[in-house]
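Structure record follows, encoded as structure tokens.
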Amino acid sequence: MDLERHVLFSLLGLSVTSTVVTTFGMVVLLSILAMIAGRGIRERPARLQAVAEWGLSALEEMLGEVTESRTRYLPLVATLAVFVLAANCMGVLPFVEAPTADVNTPVTLALIVFFSVHYYGVREAGVLGYLGKFARPTVLLLPINILAHVTRTLSLAIRLFGNMVSHQIIVAILLVILPLVVPAMLELFGLLIGVLQAYIFTVLTIVYIGGAVRAGGEI
């Protein structure tokens, strides 16, 4: 498996890779599906609408337990959850590589979480109140708390990237060894990994936001 993404063309001097094209196509497809689904919303939900409402309710429940607000941070968390889930599952399509198997995508997502967490923390507690959390329980821990925030952002990206890449590498190896036996089972397993990683990424995002916005909470 080649981890390097191929440059397909250049636009205004910028190199456009296969990951960019796949991600753009995925976003367009999700947008179209969202508009179609929005027009088909019913008071008595059909199966797909019921599944979507169940997922949204589950996110609201987690947000309510961790951040004490069910809806304030829902747009960010739900958007990240849908994006990561869709990006992870793109890898099961023929000749398509998951955008999250390109290190640039997980790093970008982790940076979005990083800056959003601090933005919400400052908005909730004020600049001084939020920065004061980094000096708890003692100012001696200030460097360690700052380093912890940097390293957890790095781990958030590496965890997602590593799991998606490892699955594709395993699939590539086994397809060479057993090309007619394992493809379907491995793709199903890859779909399960994609869903699980999207869940983990979403839960960690909620936990990080909760630590930033809770009064007197751990950051």
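As shown in the structure tokens, the chain order sets the letters A, B, ...; within each chain, residues go from 1, and ligands are also counted from 1 in the order they appear.
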
Using only C-alpha atoms, which residues of range 102-151 of chain A come within 12 Å of range 66-71 of chain A, and what is the closest atom pair for each, with the distance in Å to one decimal? Give it as CSV, sorted by chain and residue number.
residue,atom,partner,partner_atom,distance
A:Val117,CA,A:Thr67,CA,11.6
A:Tyr120,CA,A:Thr67,CA,10.8
A:Gly121,CA,A:Thr67,CA,11.0
A:Glu124,CA,A:Thr67,CA,11.1

Inset, instruction - Find the spatial neighbours of Ala52 in chain A, counting only C-alpha atoms, within a cut-off of 12 Å - ignore same-chain residues fewer than 5 positions away - and output them as a VMD selection string. - result: chain A and resid 34 37 to 38 41 45 to 47 57 to 59 78 82

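Interatomic distance, CA of Gln197 in chain A to CA of Cys89 in chain A: 10.4 Å.
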
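Among the candidate residues A:Phe95, A:Tyr208, A:Phe24, A:Phe201, the one lying nearest to Ile158 in chain A is A:Phe201, with distances computed using only C-alpha atoms.
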
Inset, instruction - For His6 in chain A, list every protein, DNA or RNA residue within 10 Å, evaluated using only C-alpha atoms, and leave out those in the same chain fewer than 4 positions away; present the list as a ChimeraX atom specification. - result: /A:2,15-19

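When only C-alpha atoms are used to measure the gap to Ser166 in chain A, the shortest distance among A:Val213, A:Leu14, A:Leu128, A:Ile193 belongs to A:Ile193.
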
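Relative to CA of Ala87 in chain A, CA of Asn163 in chain A is found at 13.0 Å.
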
Inset, instruction - Would you mind listing what lies within 12 Å of Val203 in chain A as a list in words, with only C-alpha atoms counted and same-chain residues fewer than 2 positions away left out? - result: Ala58, Leu59, Glu60, Glu61, Met62, Leu63, Glu65, Val66, Thr67, Val77, Ala78, Leu80, Ala81, Val113, Leu156, Leu196, Gln197, Ala198, Tyr199, Ile200, Phe201, Thr205, Ile206, Val207, Tyr208, Ile209 and Gly210 of chain A

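The space separating CA of Ile146 in chain A from CA of Phe134 in chain A comes to 6.9 Å.
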
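Considering the residues A:Gly162, A:Gly55, A:Gly126, A:Gly190 and counting only C-alpha atoms, Thr100 in chain A has its shortest atom-to-atom contact with A:Gly162.
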
Inset, instruction - Identify all residues of range 2-165 of chain A in helix (DSSP H, G or I) (DSSP on the backbone) and supply them as a ChimeraX atom specification. - result: /A:18-39,47-67,74-92,99-101,104-125,127-135,139-165
